[in-house]
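**Q** Coordinates in work-v6.cif, mmCIF, C-alpha atoms, are listed below.
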```cif
data_entry
loop_
_atom_site.label_atom_id
_atom_site.label_comp_id
_atom_site.auth_asym_id
_atom_site.auth_seq_id
_atom_site.Cartn_x
_atom_site.Cartn_y
_atom_site.Cartn_z
CA MET A 1 0.00 0.00 0.00
CA SER A 2 1.53 3.33 -1.00
CA ARG A 3 1.82 5.91 1.74
CA GLY A 4 0.19 9.30 1.40
CA THR A 5 -2.89 8.09 -0.50
CA ARG A 6 -5.04 11.19 -0.93
CA VAL A 7 -8.49 10.55 0.53
CA ALA A 8 -11.39 12.89 1.22
CA LEU A 9 -13.59 12.22 4.26
CA ILE A 10 -16.99 13.88 4.06
CA GLY A 11 -18.44 14.10 7.55
CA CYS A 12 -16.57 13.91 10.84
CA GLY A 13 -19.22 13.03 13.36
CA ARG A 14 -18.92 10.23 15.91
CA TRP A 15 -18.36 7.55 13.26
CA GLY A 16 -16.53 9.81 10.85
CA ALA A 17 -13.94 10.48 13.56
CA ASN A 18 -13.30 6.71 13.70
CA CYS A 19 -12.85 6.67 9.92
CA LEU A 20 -10.35 9.54 10.18
CA ARG A 21 -8.42 7.70 12.89
CA ASP A 22 -8.12 4.55 10.79
CA LEU A 23 -7.34 6.36 7.54
CA LYS A 24 -4.52 8.19 9.32
CA SER A 25 -3.24 4.87 10.72
CA LEU A 26 -3.11 3.60 7.13
CA GLY A 27 -0.85 6.52 6.20
CA CYS A 28 -3.43 8.45 4.18
CA ASP A 29 -3.37 12.17 3.46
CA VAL A 30 -6.90 13.01 4.59
CA THR A 31 -8.88 16.12 3.70
CA VAL A 32 -12.02 16.41 5.82
CA VAL A 33 -15.22 18.20 4.87
CA ALA A 34 -16.53 19.47 8.22
CA ALA A 35 -19.80 21.40 8.12
CA SER A 36 -20.30 21.95 11.87
CA GLN A 37 -18.15 23.22 14.71
CA ASP A 38 -18.19 19.82 16.40
CA SER A 39 -17.02 18.13 13.19
CA LEU A 40 -14.34 20.78 12.75
CA GLU A 41 -13.00 20.09 16.24
CA ARG A 42 -13.01 16.33 15.65
CA ALA A 43 -11.15 16.78 12.37
CA ARG A 44 -8.53 18.94 14.03
CA SER A 45 -8.02 16.63 17.00
CA GLY A 46 -7.95 13.62 14.67
CA GLY A 47 -5.03 14.99 12.65
CA ALA A 48 -6.72 15.83 9.34
CA SER A 49 -4.21 17.05 6.77
CA ARG A 50 -6.56 19.85 5.79
CA ILE A 51 -10.15 20.84 6.54
CA VAL A 52 -12.69 22.45 4.23
CA SER A 53 -16.30 23.42 4.84
CA LYS A 54 -17.80 22.41 1.49
CA VAL A 55 -17.48 19.50 -0.94
CA ALA A 56 -16.77 22.00 -3.74
CA GLU A 57 -13.59 23.06 -1.88
CA LEU A 58 -12.03 19.59 -1.95
CA PRO A 59 -8.66 19.28 -3.69
CA ASP A 60 -7.89 16.48 -6.12
CA VAL A 61 -8.10 13.16 -4.29
CA GLN A 62 -7.84 9.49 -5.21
CA GLY A 63 -10.96 8.42 -3.34
CA ILE A 64 -13.77 9.65 -1.12
CA VAL A 65 -15.25 8.26 2.09
CA VAL A 66 -18.79 9.43 2.96
CA ALA A 67 -19.72 9.32 6.65
CA THR A 68 -22.64 11.74 6.76
CA PRO A 69 -26.15 11.04 8.18
CA THR A 70 -28.06 8.34 6.30
CA SER A 71 -30.66 10.76 4.95
CA THR A 72 -27.92 12.70 3.12
CA HIS A 73 -26.08 9.76 1.51
CA GLY A 74 -27.80 9.99 -1.85
CA GLN A 75 -27.28 13.72 -2.25
CA VAL A 76 -23.65 13.65 -1.08
CA VAL A 77 -22.66 10.71 -3.27
CA GLU A 78 -24.29 12.30 -6.33
CA SER A 79 -22.42 15.54 -5.65
CA VAL A 80 -18.99 13.87 -5.99
CA LEU A 81 -19.54 11.41 -8.84
CA ASP A 82 -18.32 13.89 -11.43
CA ARG A 83 -14.85 13.64 -9.86
CA GLY A 84 -14.59 10.12 -11.32
CA VAL A 85 -12.92 8.56 -8.25
CA PRO A 86 -14.10 5.63 -6.10
CA VAL A 87 -16.56 6.49 -3.33
CA PHE A 88 -16.92 4.46 -0.12
CA VAL A 89 -20.22 5.38 1.55
CA GLU A 90 -21.38 4.30 5.00
CA LYS A 91 -24.24 1.81 5.02
CA PRO A 92 -26.98 1.88 3.98
CA LEU A 93 -26.37 3.26 0.52
CA THR A 94 -29.57 5.29 1.01
CA ALA A 95 -32.84 4.78 2.90
CA ASP A 96 -34.86 4.63 -0.30
CA PRO A 97 -34.71 1.87 -2.96
CA TYR A 98 -35.29 4.23 -5.88
CA SER A 99 -32.35 6.52 -5.12
CA ALA A 100 -30.16 3.52 -4.26
CA ARG A 101 -30.96 1.92 -7.60
CA ARG A 102 -30.31 5.19 -9.42
CA LEU A 103 -26.86 5.52 -7.85
CA ALA A 104 -25.99 1.89 -8.59
CA GLU A 105 -26.93 2.35 -12.24
CA ALA A 106 -25.12 5.70 -12.53
CA ALA A 107 -21.76 4.52 -11.17
CA PRO A 108 -21.65 0.72 -10.73
CA ASP A 109 -17.84 0.62 -10.67
CA LEU A 110 -17.20 3.69 -8.53
CA ILE A 111 -19.57 3.36 -5.57
CA PHE A 112 -18.97 0.91 -2.73
CA VAL A 113 -20.80 0.50 0.58
CA MET A 114 -19.13 0.28 3.97
CA ASP A 115 -20.71 -2.94 5.23
CA LYS A 116 -18.18 -3.49 8.00
CA TRP A 117 -19.69 -6.77 9.22
CA ARG A 118 -18.61 -8.41 5.96
CA TYR A 119 -15.06 -7.85 7.26
CA HIS A 120 -15.71 -9.23 10.75
CA ALA A 121 -13.44 -12.23 11.35
CA GLY A 122 -16.30 -14.20 12.93
CA VAL A 123 -18.52 -13.65 9.91
CA GLU A 124 -15.67 -14.63 7.61
CA ALA A 125 -15.17 -17.83 9.66
CA LEU A 126 -18.87 -18.71 9.37
CA ARG A 127 -18.67 -18.02 5.63
CA ASP A 128 -15.72 -20.36 5.28
CA ILE A 129 -17.60 -23.13 7.11
CA ALA A 130 -20.61 -22.64 4.86
CA VAL A 131 -18.52 -22.69 1.68
CA SER A 132 -16.34 -25.65 2.69
CA GLY A 133 -19.24 -27.88 3.71
CA GLU A 134 -17.36 -28.78 6.88
CA LEU A 135 -20.66 -29.16 8.76
CA GLY A 136 -22.58 -30.46 5.78
CA PRO A 137 -24.96 -28.50 3.57
CA VAL A 138 -26.25 -25.21 4.92
CA ILE A 139 -29.85 -25.35 6.12
CA GLY A 140 -30.21 -21.76 7.25
CA LEU A 141 -28.81 -18.70 8.94
CA ARG A 142 -30.25 -16.76 11.86
CA SER A 143 -29.18 -13.42 13.30
CA VAL A 144 -30.31 -11.38 16.31
CA ARG A 145 -29.37 -7.71 16.69
CA ALA A 146 -31.01 -5.92 19.59
CA GLN A 147 -30.39 -2.83 21.69
CA TRP A 148 -32.17 0.17 23.16
CA ASN A 149 -32.45 2.93 20.53
CA THR A 150 -29.66 4.26 18.30
CA ASN A 151 -27.69 7.50 18.13
CA HIS A 152 -29.20 8.42 14.76
CA GLN A 153 -31.97 10.99 14.55
CA ASP A 154 -32.63 11.21 10.81
CA VAL A 155 -33.83 7.62 10.24
CA ASP A 156 -35.33 4.97 12.50
CA GLY A 157 -33.34 2.15 14.03
CA LEU A 158 -34.22 -0.44 11.39
CA TRP A 159 -32.38 1.53 8.71
CA ILE A 160 -29.31 1.59 10.94
CA LEU A 161 -29.36 -1.99 12.27
CA ALA A 162 -30.93 -4.24 9.62
CA PRO A 163 -28.46 -3.49 6.76
CA HIS A 164 -25.73 -5.05 8.91
CA ASP A 165 -27.52 -8.39 9.03
CA LEU A 166 -28.50 -8.38 5.36
CA SER A 167 -24.84 -7.82 4.49
CA ILE A 168 -23.86 -10.65 6.86
CA CYS A 169 -26.29 -12.93 5.02
CA LEU A 170 -24.74 -11.85 1.72
CA GLU A 171 -21.24 -12.62 2.99
CA ILE A 172 -22.03 -16.03 4.50
CA LEU A 173 -24.56 -17.43 2.02
CA GLY A 174 -23.25 -15.55 -1.02
CA PHE A 175 -26.65 -14.05 -1.81
CA ILE A 176 -29.72 -12.53 -0.16
CA PRO A 177 -32.74 -14.86 -0.40
CA GLU A 178 -36.13 -13.58 -1.48
CA PRO A 179 -38.24 -12.12 1.35
CA SER A 180 -41.15 -14.34 2.31
CA GLY A 181 -42.63 -12.66 5.38
CA ALA A 182 -42.08 -10.12 8.13
CA ARG A 183 -43.60 -8.79 11.32
CA GLY A 184 -42.73 -5.50 12.92
CA GLU A 185 -43.24 -3.16 15.82
CA GLU A 186 -43.79 0.58 15.76
CA SER A 187 -45.09 3.35 17.97
CA GLY A 188 -45.53 7.05 17.42
CA GLY A 189 -44.96 6.59 13.70
CA LYS A 190 -41.49 5.16 14.29
CA ALA A 191 -40.41 1.60 13.48
CA HIS A 192 -38.57 -0.17 16.30
CA SER A 193 -38.37 -3.89 15.55
CA LEU A 194 -38.55 -6.39 12.71
CA VAL A 195 -38.58 -10.17 12.46
CA ALA A 196 -37.99 -11.15 8.83
CA PHE A 197 -38.07 -14.44 6.94
CA LEU A 198 -36.21 -14.90 3.67
CA GLY A 199 -35.78 -17.89 1.38
CA ASP A 200 -36.37 -21.58 1.90
CA ARG A 201 -33.23 -23.74 1.86
CA PRO A 202 -31.04 -22.11 2.78
CA TRP A 203 -33.29 -19.73 4.66
CA PHE A 204 -32.37 -16.57 6.53
CA VAL A 205 -34.20 -15.28 9.59
CA MET A 206 -33.22 -12.00 11.22
CA GLU A 207 -34.56 -10.36 14.35
CA ILE A 208 -33.87 -6.65 14.71
CA SER A 209 -34.89 -4.47 17.62
CA ALA A 210 -34.09 -0.90 18.67
CA ARG A 211 -36.37 -1.29 21.69
CA TYR A 212 -34.84 -4.12 23.66
CA PRO A 213 -33.33 -3.72 27.14
CA ARG A 214 -30.30 -5.93 26.44
CA TYR A 215 -27.53 -5.52 23.86
CA ILE A 216 -27.39 -8.64 21.68
CA ARG A 217 -25.36 -9.57 18.63
CA GLU A 218 -25.64 -13.23 17.61
CA ILE A 219 -25.23 -15.05 14.31
CA ARG A 220 -26.01 -18.75 14.02
CA LEU A 221 -25.16 -20.89 10.99
CA VAL A 222 -27.33 -24.02 10.85
CA CYS A 223 -25.97 -26.96 8.88
CA ARG A 224 -26.95 -30.60 8.48
CA ASP A 225 -24.16 -31.87 10.73
CA GLY A 226 -23.94 -29.10 13.31
CA ILE A 227 -24.17 -25.41 14.05
CA ALA A 228 -21.61 -22.62 14.32
CA ILE A 229 -22.28 -19.51 16.39
CA LEU A 230 -20.77 -16.06 16.74
CA GLU A 231 -22.17 -15.06 20.11
CA ASP A 232 -21.06 -11.43 20.21
CA GLY A 233 -19.38 -8.85 18.02
CA TYR A 234 -16.35 -8.87 20.33
CA ALA A 235 -16.15 -12.62 20.85
CA GLU A 236 -12.66 -14.11 20.64
CA SER A 237 -13.85 -17.27 18.92
CA ILE A 238 -16.78 -18.90 17.19
CA ARG A 239 -18.41 -21.89 18.88
CA ILE A 240 -19.00 -25.03 16.82
CA PHE A 241 -21.39 -27.76 17.99
CA ARG A 242 -21.23 -30.94 15.93
CA SER A 243 -24.24 -33.24 15.80
CA THR A 244 -23.88 -36.57 17.60
CA ILE A 245 -25.34 -39.94 16.65
CA PRO A 246 -27.33 -40.95 18.51
CA GLU A 247 -28.43 -37.47 19.63
CA LYS A 248 -28.13 -36.76 23.36
CA ASN A 249 -30.24 -34.51 25.57
CA GLU A 250 -27.29 -32.25 26.30
CA ALA A 251 -25.34 -30.22 23.80
CA PRO A 252 -21.90 -31.60 22.96
CA ALA A 253 -18.84 -29.73 24.12
CA PRO A 254 -18.24 -26.80 21.78
CA GLU A 255 -15.19 -26.50 19.60
CA LEU A 256 -13.79 -22.99 20.08
CA ARG A 257 -12.25 -21.63 16.91
CA PRO A 258 -10.24 -18.43 17.61
CA ILE A 259 -10.80 -15.44 15.34
CA SER A 260 -8.78 -12.31 14.67
CA GLN A 261 -9.59 -9.31 16.84
CA GLU A 262 -8.71 -6.73 14.18
CA LEU A 263 -11.53 -4.20 13.97
CA PRO A 264 -13.70 -4.54 10.83
CA LEU A 265 -13.71 -0.78 10.16
CA LEU A 266 -9.94 -0.76 9.79
CA LYS A 267 -10.05 -3.85 7.55
CA GLU A 268 -12.64 -2.36 5.19
CA LEU A 269 -10.84 0.99 4.98
CA ARG A 270 -7.60 -0.83 4.24
CA ALA A 271 -9.36 -2.69 1.42
CA PHE A 272 -10.61 0.64 0.02
CA VAL A 273 -7.19 2.29 0.20
CA GLU A 274 -5.59 -0.73 -1.48
CA HIS A 275 -8.21 -0.45 -4.22
CA LEU A 276 -7.26 3.20 -4.74
CA ASN A 277 -3.72 1.97 -5.34
CA GLY A 278 -4.64 -0.69 -7.89
CA GLY A 279 -6.01 -3.48 -5.70
CA PRO A 280 -9.33 -5.33 -6.04
CA PRO A 281 -12.59 -3.52 -5.19
CA PRO A 282 -13.88 -3.68 -1.63
CA ARG A 283 -17.06 -5.39 -0.52
CA SER A 284 -19.95 -4.33 -1.10
CA SER A 285 -20.61 -3.12 -4.64
CA ALA A 286 -23.17 -0.45 -5.47
CA ALA A 287 -25.46 -3.16 -6.85
CA GLU A 288 -25.20 -5.16 -3.62
CA GLY A 289 -25.81 -2.01 -1.59
CA ALA A 290 -28.94 -1.25 -3.62
CA LYS A 291 -30.10 -4.87 -3.19
CA ILE A 292 -29.84 -4.51 0.60
CA VAL A 293 -31.84 -1.27 0.54
CA ASP A 294 -34.50 -2.77 -1.73
CA THR A 295 -34.79 -5.94 0.41
CA LEU A 296 -35.20 -3.96 3.62
CA ALA A 297 -37.81 -1.70 2.02
CA ARG A 298 -39.78 -4.78 0.89
CA LEU A 299 -39.57 -6.34 4.35
CA ARG A 300 -40.76 -3.12 5.97
CA GLU A 301 -43.73 -3.08 3.62
CA MET A 302 -44.53 -6.73 4.38
CA ALA A 303 -44.46 -5.90 8.09
CA GLY A 304 -46.70 -2.86 7.65
CA LEU A 305 -43.89 -0.51 8.64
CA ASP A 306 -43.66 1.50 5.41
CA ARG A 307 -45.74 4.21 7.05
CA ALA A 308 -43.00 4.59 9.63
CA THR A 309 -40.16 5.28 7.21
CA SER A 310 -38.67 8.46 8.54
CA ALA A 311 -36.44 9.54 5.68
CA VAL A 312 -36.23 9.35 1.92
CA CYS A 313 -32.97 10.24 0.21
#
```
Written as structure tokens, that's how I'd like the structure from this file.

**A**
Amino acid sequence: MSRGTRVALIGCGRWGANCLRDLKSLGCDVTVVAASQDSLERARSGGASRIVSKVAELPDVQGIVVATPTSTHGQVVESVLDRGVPVFVEKPLTADPYSARRLAEAAPDLIFVMDKWRYHAGVEALRDIAVSGELGPVIGLRSVRAQWNTNHQDVDGLWILAPHDLSICLEILGFIPEPSGARGEESGGKAHSLVAFLGDRPWFVMEISARYPRYIREIRLVCRDGIAILEDGYAESIRIFRSTIPEKNEAPAPELRPISQELPLLKELRAFVEHLNGGPPPRSSAAEGAKIVDTLARLREMAGLDRATSAVC
């Protein structure tokens, strides 16, 4: 990776500051677009090479990272496409399937989505088990992502949480199955929770909640000859339970398979920077990002939550 890769970072909020930190650790020359005083202070304390207040003031760069609020993704990405450089935008691509599809069609080879869970070592380990057939054919995949509220004000929690699990499904199964049913929860015109069913064999079931008193992150790969579980985003290993014949009433002792503790954000930003210097494109493509947005919109409609959509890009 060449040092001094020129990258623009649009947005330096709570998450944008993390992007700046990791881009600097990768040796990038980072110009930050900071529109607020708080963002300006984060950019300064984070060691930005230069700071501008508007996208139009950006110098020539090799690539652009977009870490603005979800409701602005479509507008911001469109505003930089004429520069002709790769754009890495925080998930979801947008919160509207029409604008997501439009962006994917306009720049299929320039836009990529920051689906960090595709770079999580535990997800990669589950993917490798699924692909290798180590536990037999895959029957299904189940994920649970629950917490109390989110820090985002412009869109509801489903737009923030559910894209993670759809991208996890894409990484492990290699595709996103067709939605078959969904049930949701809302109050005050705001969607809080979703239980969604996709596909048949393999199937994918995800449970999302932004109104749950405990913090849960769990991914379970179900195969013919056993199951493999990532029990938490910060787990040090995945747990593998192999089926026994004859079956017993107690679970067998788990096999603990250690996983790397490198943070997924750093891994995905490294992949993007390597792409700017001639390497392969990062996960996820614009088309995959649009597929995730479209799938979530369809599931929301199935669950009767379309009335609660709080932003359209």

**Q** I need the residue set behind the PyMOL selection byres ((chain A and resi 60) around 9) for this file; please write it as a list in words.

**A**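 Given this file, the PyMOL selection byres ((chain A and resi 60) around 9) evaluates to Arg6, Val7, Ala8, Leu58, Pro59, Val61, Gln62 and Arg83 of chain A.
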
**Q** Generate the output file for the selected residues, C-alpha atoms, as a short mmCIF file (atom, residue, chain, number, x, y, z; two decimals), in the frame of the given file.

**A**
```
data_model
loop_
_atom_site.label_atom_id
_atom_site.label_comp_id
_atom_site.auth_asym_id
_atom_site.auth_seq_id
_atom_site.Cartn_x
_atom_site.Cartn_y
_atom_site.Cartn_z
CA ARG A 6 -5.04 11.19 -0.93
CA VAL A 7 -8.49 10.55 0.53
CA ALA A 8 -11.39 12.89 1.22
CA LEU A 58 -12.03 19.59 -1.95
CA PRO A 59 -8.66 19.28 -3.69
CA VAL A 61 -8.10 13.16 -4.29
CA GLN A 62 -7.84 9.49 -5.21
CA ARG A 83 -14.85 13.64 -9.86
#
```

**Q** Determine the nearest neighbour of Pro92 of chain A from the options A:Gln37, A:Thr295, A:Ser180, A:Ser49, counting all atoms listed in the file.

**A**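 Using all atoms listed in the file, the shortest distance to Pro92 of chain A belongs to A:Thr295.
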
**Q** Near Lys116 of chain A, within 12 Å and counting only C-alpha atoms, which residues show up once chain neighbours fewer than 3 positions away are dropped, as a PyMOL selection string?

**A** chain A and resi 19+88-92+112-113+119-124+163-168+171+233+262-272+282-284

**Q** What does the distance from atom CA of Arg224 of chain A to atom CA of Pro202 of chain A come to in Å, to one decimal?

**A**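 Those two atoms sit 11.0 Å apart.
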
**Q** Can you find the residues with an atom no farther than 7 Å from (-21.3, 8.3, 2.4), counting only C-alpha atoms, and report them as a count of residues only?

**A** 10

**Q** Given the point (-24.3, -35.6, 16.9) in the coordinates of this file, which residues lie within 12 Å, counting all atoms listed in the file, and how would they look as a list in words?

**A**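 All residues meeting the 12 Å criterion around (-24.3, -35.6, 16.9) are Leu135, Cys223, Arg224, Asp225, Gly226, Ile227, Ile240, Phe241, Arg242, Ser243, Thr244, Ile245, Pro246, Glu247, Lys248, Asn249, Glu250, Ala251, Pro252, Ala253 and Pro254 of chain A.
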
**Q** Excluding Ala182 of chain A and residues on its chain fewer than 3 positions from it, collect all residues at most 12 Å away from it, counting only C-alpha atoms, and give them as a compact mmCIF listing (two decimals) with C-alpha atoms, in the frame of the given file.

**A**
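Printed below is result27.txt as written:
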```
# COMPACT_ATOMS: atom_id res chain seq x y z
CA GLU A 178 -36.13 -13.58 -1.48
CA PRO A 179 -38.24 -12.12 1.35
CA GLU A 185 -43.24 -3.16 15.82
CA SER A 193 -38.37 -3.89 15.55
CA LEU A 194 -38.55 -6.39 12.71
CA VAL A 195 -38.58 -10.17 12.46
CA ALA A 196 -37.99 -11.15 8.83
CA PHE A 197 -38.07 -14.44 6.94
CA LEU A 198 -36.21 -14.90 3.67
CA PHE A 204 -32.37 -16.57 6.53
CA VAL A 205 -34.20 -15.28 9.59
CA MET A 206 -33.22 -12.00 11.22
CA GLU A 207 -34.56 -10.36 14.35
CA ILE A 208 -33.87 -6.65 14.71
CA THR A 295 -34.79 -5.94 0.41
CA LEU A 296 -35.20 -3.96 3.62
CA ALA A 297 -37.81 -1.70 2.02
CA ARG A 298 -39.78 -4.78 0.89
CA LEU A 299 -39.57 -6.34 4.35
CA ARG A 300 -40.76 -3.12 5.97
CA GLU A 301 -43.73 -3.08 3.62
CA MET A 302 -44.53 -6.73 4.38
CA ALA A 303 -44.46 -5.90 8.09
CA GLY A 304 -46.70 -2.86 7.65
CA LEU A 305 -43.89 -0.51 8.64
```

**Q** Point out the residue among A:Lys190, A:Arg101, A:His152, A:Arg142 with the least atom-to-atom distance to Trp203 of chain A, counting all atoms listed in the file.

**A**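 Among the listed residues, the smallest separation from Trp203 of chain A belongs to A:Arg142.
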
**Q** Hey, which of A:Ile292, A:Glu218, A:Ile172, A:Thr5 ends up closest to Asp128 of chain A? Count all atoms listed in the file.

**A**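 Looking at the shortest contact to Asp128 of chain A, the residue is A:Ile172.
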
**Q** Applying the PyMOL selection byres ((chain A and resi 27) around 6) to the file I just gave you, which residues come out? Please list them as a list in words.

**A**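 Evaluating the PyMOL selection byres ((chain A and resi 27) around 6) on this file yields Arg3, Gly4, Lys24, Ser25, Leu26 and Cys28 of chain A.
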
**Q** For this file, the PyMOL selection byres ((chain A and resi 98) around 10) selects which residues, as a list in words?

**A**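 Checking the PyMOL selection byres ((chain A and resi 98) around 10) against this file, the residues are Thr94, Ala95, Asp96, Pro97, Ser99, Ala100, Arg101, Arg102, Leu103, Ala104, Ala290, Val293, Asp294, Val312 and Cys313 of chain A.
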
**Q** Restricting the output to C-alpha atoms, write the selected residues as a PDB file, keeping the file's coordinate frame.

**A**
```pdb
ATOM      1  CA  THR A  94     -29.570   5.290   1.010  1.00  0.00           C
ATOM      2  CA  ALA A  95     -32.840   4.780   2.900  1.00  0.00           C
ATOM      3  CA  ASP A  96     -34.860   4.630  -0.300  1.00  0.00           C
ATOM      4  CA  PRO A  97     -34.710   1.870  -2.960  1.00  0.00           C
ATOM      5  CA  SER A  99     -32.350   6.520  -5.120  1.00  0.00           C
ATOM      6  CA  ALA A 100     -30.160   3.520  -4.260  1.00  0.00           C
ATOM      7  CA  ARG A 101     -30.960   1.920  -7.600  1.00  0.00           C
ATOM      8  CA  ARG A 102     -30.310   5.190  -9.420  1.00  0.00           C
ATOM      9  CA  LEU A 103     -26.860   5.520  -7.850  1.00  0.00           C
ATOM     10  CA  ALA A 104     -25.990   1.890  -8.590  1.00  0.00           C
ATOM     11  CA  ALA A 290     -28.940  -1.250  -3.620  1.00  0.00           C
ATOM     12  CA  VAL A 293     -31.840  -1.270   0.540  1.00  0.00           C
ATOM     13  CA  ASP A 294     -34.500  -2.770  -1.730  1.00  0.00           C
ATOM     14  CA  VAL A 312     -36.230   9.350   1.920  1.00  0.00           C
ATOM     15  CA  CYS A 313     -32.970  10.240   0.210  1.00  0.00           C
TER      16      CYS A 313
END
```

**Q** May I ask which of the residues A:Leu256, A:Val273, A:Val155, A:Ile176 is the closest one to Thr70 of chain A, counting only C-alpha atoms?

**A**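 Smallest distance to Thr70 of chain A is found for A:Val155.
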
**Q** Between atom CA of Ile111 of chain A and atom CA of Val87 of chain A, what is the distance, to one decimal in Å?

**A**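 Here the two named atoms are 4.9 Å from each other.
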
**Q** Can you work out the spacing between atom CA of Ser79 of chain A and atom CA of Leu93 of chain A in Å, to one decimal?

**A**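 Taking atom CA of Ser79 of chain A as the start and atom CA of Leu93 of chain A as the end point, the length is 14.3 Å.
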